[in-house]
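Engineer: Take this structure, written in structure tokens, and hold onto it; I'll ask about it next.
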Amino acid sequence: MKKAATIVWFRRDLRLQDNPALAAALERGAPIVPVYLFSPEEEGDWQPGGASRWWLHHALASLRDALLEQGLSLVLQRGASLAGLRKLAAQSGADAVFWNRRYEPAIKARDSDIKSALREDGLEARSFNGSLMWEPHEISTQNGDPYKVFTPFWKSVRARPAPAPCPLPDTEWLGLDNPPAGCDLDALALLPTLDWADDFAERWTPTLEGATAALEEFLDGPIKGYPDRRNHPARKGTSRLSPYLASGQLGPRQVWAAVHAAGAADSQAGYKFLSEIGWREFAYHLLVHFPKTPDTALYDKYADFPWQPDAGQLRAWQRGQTGYPIIDAGMRELWNTGWMHNRVRMIVASLLVKHLLQPWQEGARWFWDTLVDADLASNTMGWQWSAGCGADAAPYFRIFNPILQGEKFDPQGSYVKRWVPELKDLPAKYIHSPWEAPADVLHKAGLRLGDNYPQPIVEHKAGRERALAALQSNKMRNETRDKASSQ
DNA sequence: TTTTGAGTTGTTCGA
DNA sequence: GTCGAACAACTCAAA
């Protein structure tokens, strides 16, 4: 007797390899109905942003092609997930729905409801771990609490065996004779209507082949000098794997295994890189255990921090018009390519929350909308770290000096010149502090500060002191309040 | 329960 | 130019 079909619900696991839900469906030996349901309204306040949607469009096209090679046609649908799955089950006669877990608070809650509802319908509903090395709820301190500091978290997970990628069973790929029809990829309207993303395609290959190639390329070269080179935004020193991990075109177990297979895992550089996979795991650990953190500071004492919201300052930062070359280069790289170098992410974040006293949530929101690698766990952790209000936060006095950071990590100014063409004729000596250049140098470089390039939005020293004062006043207010409440 | 060691990515100042 | 210390106090996590 022919078995009823299995629905494989693809989400942020847009790959065939190392995909436990797909592997389990194959093992079942029944025809497979692969589906992607686009339901952004179910993602609460954190619906995919413009850059993520651009990536998603191409990732779906790539997945569709890969499935087609196996004789399966990916069903695309827009609308409510549960209704879509029910309809699909009825159309295809499926008796099971398999998927890989997601961990964003709104989606976790939705998926839990969907699982109950499908089971009440009499379907077999099963979820798997396809996105993480270690499930967040399986890791805890000796007291049973979640970790809030990276190093002990990392020690604890390193002591466990690293899970290997999930192999695809060697079985036949069965499809339905008459697979249900979905909509066209274009009908999901994932691509921007303006020409904003035109340059993305030059920078990225958002396909499954691109994912494999990026991993190989990194292990072939850049990983060797990783600890140092990764800090220089003008060089190709980082892995640039983040968008593949965010879309699930690569899983962390595949990356981990590839680092080992390349013999790099025992080197200092390899270890350093693997610890970045560890940071991603830590971010998910925090998101699952502290689900309010995408919007609210982890520590209550920062809940009423004296931010000074200012739409004009925020816009200048977003547009790369702050007058600090390394900041403006980073913000423009982000706008033009959907990505920003990690070192520069820290520098621009520090300026926004410290020098400009803008709420960290504004920065997180902008990154969310403009990054092709937007990931709620990593984005939340990173911004709270920068703002000093989250787990393992930077000490309050750690305020990045945008001039010094530029001089250290982009000494020739080549990164700045690439993204801020106004400064391309300025000598390296002044590239990170154009306002210090003598008048004749400025004239020769065609630079008129305040006219064709801004003056610094705030003087570094003044901004730093204002940030320290705000932190001081927040501390005082907390002490006063604690005193009052303890009496 | 108490104690102890430690904590991603920095900057500034003065010798 | 280079170097080391100071920058606060607090909380975490394990012993």
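Ordering of the structure tokens sets the chain letters (A, B, ...), residue numbers begin anew at 1 in every chain, and ligands are numbered from 1 in the order given.
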Would you list which chain A residues are within 12 Å of chain B using only C-alpha atoms (C1' of nucleotides), as a PyMOL selection string?

Structural biologist: chain A and resi 148-152+227-228+230-231+272+275-276+278-279+342-347+350+382+385-386+391-405+460-461+464

Engineer: Would you mind exporting the chosen residues as a PDB file, in the first residue's frame, restricted to C-alpha atoms?

Structural biologist:
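Saved to out_8.pdb:
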```
ATOM      1  CA  LYS A 148      24.272  35.281  31.059  1.00  0.00           C
ATOM      2  CA  VAL A 149      28.021  35.331  30.446  1.00  0.00           C
ATOM      3  CA  PHE A 150      29.564  33.999  27.277  1.00  0.00           C
ATOM      4  CA  THR A 151      32.738  32.373  28.592  1.00  0.00           C
ATOM      5  CA  PRO A 152      31.108  29.907  31.010  1.00  0.00           C
ATOM      6  CA  PRO A 227      42.048  36.739  14.587  1.00  0.00           C
ATOM      7  CA  ASP A 228      43.770  39.820  13.178  1.00  0.00           C
ATOM      8  CA  ARG A 230      38.870  40.037  10.654  1.00  0.00           C
ATOM      9  CA  ASN A 231      39.235  43.479  12.196  1.00  0.00           C
ATOM     10  CA  LYS A 272      38.536  31.881  17.277  1.00  0.00           C
ATOM     11  CA  SER A 275      33.797  30.767  18.991  1.00  0.00           C
ATOM     12  CA  GLU A 276      31.812  33.050  16.674  1.00  0.00           C
ATOM     13  CA  GLY A 278      29.419  29.870  19.775  1.00  0.00           C
ATOM     14  CA  TRP A 279      28.299  33.493  20.003  1.00  0.00           C
ATOM     15  CA  ASN A 342      31.550  43.383  12.064  1.00  0.00           C
ATOM     16  CA  ARG A 343      34.193  45.737  13.432  1.00  0.00           C
ATOM     17  CA  VAL A 344      32.373  48.658  11.842  1.00  0.00           C
ATOM     18  CA  ARG A 345      29.037  47.479  13.242  1.00  0.00           C
ATOM     19  CA  MET A 346      30.462  47.956  16.725  1.00  0.00           C
ATOM     20  CA  ILE A 347      31.819  51.405  15.942  1.00  0.00           C
ATOM     21  CA  SER A 350      28.698  52.804  19.870  1.00  0.00           C
ATOM     22  CA  GLY A 382      24.681  42.838  19.651  1.00  0.00           C
ATOM     23  CA  TRP A 385      25.928  44.649  24.231  1.00  0.00           C
ATOM     24  CA  SER A 386      26.780  47.926  22.546  1.00  0.00           C
ATOM     25  CA  ALA A 391      24.314  40.089  28.788  1.00  0.00           C
ATOM     26  CA  ASP A 392      28.063  40.389  29.062  1.00  0.00           C
ATOM     27  CA  ALA A 393      27.799  44.044  28.172  1.00  0.00           C
ATOM     28  CA  ALA A 394      30.723  46.277  27.460  1.00  0.00           C
ATOM     29  CA  PRO A 395      31.783  48.226  30.584  1.00  0.00           C
ATOM     30  CA  TYR A 396      30.192  51.652  30.674  1.00  0.00           C
ATOM     31  CA  PHE A 397      33.486  53.415  30.082  1.00  0.00           C
ATOM     32  CA  ARG A 398      34.127  51.524  26.872  1.00  0.00           C
ATOM     33  CA  ILE A 399      33.151  54.187  24.381  1.00  0.00           C
ATOM     34  CA  PHE A 400      34.663  53.683  20.950  1.00  0.00           C
ATOM     35  CA  ASN A 401      36.603  56.632  19.584  1.00  0.00           C
ATOM     36  CA  PRO A 402      35.560  56.709  15.918  1.00  0.00           C
ATOM     37  CA  ILE A 403      38.743  58.475  14.852  1.00  0.00           C
ATOM     38  CA  LEU A 404      41.082  56.093  16.657  1.00  0.00           C
ATOM     39  CA  GLN A 405      39.147  53.023  15.493  1.00  0.00           C
ATOM     40  CA  HIS A 460      34.130  63.222  20.120  1.00  0.00           C
ATOM     41  CA  LYS A 461      35.202  64.438  23.537  1.00  0.00           C
ATOM     42  CA  ARG A 464      31.923  60.934  25.242  1.00  0.00           C
TER      43      ARG A 464
END
```

Engineer: Contacts from chain C to chain A, 10 Å maximum, only C-alpha atoms (C1' of nucleotides): show me the residue list as a list of chain:residue names.

Structural biologist: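 Every residue meeting the condition is included here: C:DC7, C:DA8, C:DT11, C:DC12, C:DA13, C:DA14.
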
Engineer: What's the 9 Å shell around range 98-112 of chain A, counting only C-alpha atoms (C1' of nucleotides), without same-chain residues fewer than 3 positions away, as a VMD selection string?

Structural biologist: chain A and resid 6 to 13 19 to 22 24 to 25 42 to 46 82 115 to 117 124 to 131 284 287 to 288 291 to 292 376 to 377

Engineer: With C-alpha atoms retained, export the selected residues as a compact mmCIF listing (two decimals), in the first residue's frame.

Structural biologist:
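Result file again09.txt:
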```txt
# COMPACT_ATOMS: atom_id res chain seq x y z
CA THR A 6 4.55 14.02 4.25
CA ILE A 7 4.51 17.81 4.17
CA VAL A 8 7.95 19.34 4.75
CA TRP A 9 7.40 22.92 5.89
CA PHE A 10 10.48 24.95 4.98
CA ARG A 11 11.20 28.07 7.02
CA ARG A 12 14.67 29.35 7.86
CA ASP A 13 16.28 26.11 6.75
CA ASN A 19 18.07 19.23 7.20
CA PRO A 20 16.58 16.96 9.90
CA ALA A 21 12.94 17.56 8.98
CA LEU A 22 13.57 16.67 5.36
CA ALA A 24 12.97 12.36 8.60
CA ALA A 25 10.40 12.79 5.85
CA GLU A 42 2.59 36.19 12.10
CA GLU A 43 6.06 37.41 13.05
CA GLY A 44 4.80 40.19 15.32
CA ASP A 45 6.91 43.33 15.48
CA TRP A 46 9.80 41.66 13.71
CA LEU A 82 -2.14 26.95 9.85
CA LYS A 115 1.48 21.76 16.34
CA SER A 116 -1.45 21.27 18.73
CA ALA A 117 -4.01 22.12 16.07
CA GLU A 124 1.53 13.65 12.79
CA ALA A 125 3.24 16.99 13.55
CA ARG A 126 6.94 16.90 14.41
CA SER A 127 9.60 19.57 14.79
CA PHE A 128 13.39 19.17 14.66
CA ASN A 129 16.55 21.10 15.41
CA GLY A 130 18.01 22.27 12.13
CA SER A 131 19.37 25.69 13.07
CA TYR A 284 19.74 32.09 20.72
CA LEU A 287 16.60 35.03 23.12
CA VAL A 288 14.82 31.87 24.22
CA PRO A 291 12.10 36.64 25.13
CA LYS A 292 11.41 40.29 25.93
CA LEU A 376 16.68 38.52 15.76
CA ALA A 377 18.88 36.70 18.26
```

Engineer: For Ala387 in chain A, list every protein, DNA or RNA residue within 7 Å, evaluated using only C-alpha atoms (C1' of nucleotides), and leave out those in the same chain fewer than 3 positions away; present the list as a PDB file with N, CA and C atoms, in the first residue's frame.

Structural biologist:
```
ATOM      1  N   VAL A 353      24.504  54.990  20.237  1.00  0.00           N
ATOM      2  CA  VAL A 353      23.951  54.896  21.590  1.00  0.00           C
ATOM      3  C   VAL A 353      24.733  55.722  22.609  1.00  0.00           C
ATOM      4  N   TRP A 360      18.903  52.319  21.758  1.00  0.00           N
ATOM      5  CA  TRP A 360      19.495  51.210  21.001  1.00  0.00           C
ATOM      6  C   TRP A 360      18.461  50.514  20.125  1.00  0.00           C
ATOM      7  N   TRP A 383      23.104  44.646  19.899  1.00  0.00           N
ATOM      8  CA  TRP A 383      22.727  46.018  20.265  1.00  0.00           C
ATOM      9  C   TRP A 383      22.689  46.211  21.763  1.00  0.00           C
ATOM     10  N   GLN A 384      22.233  45.208  22.486  1.00  0.00           N
ATOM     11  CA  GLN A 384      22.233  45.359  23.945  1.00  0.00           C
ATOM     12  C   GLN A 384      23.673  45.363  24.476  1.00  0.00           C
TER      13      GLN A 384
END
```
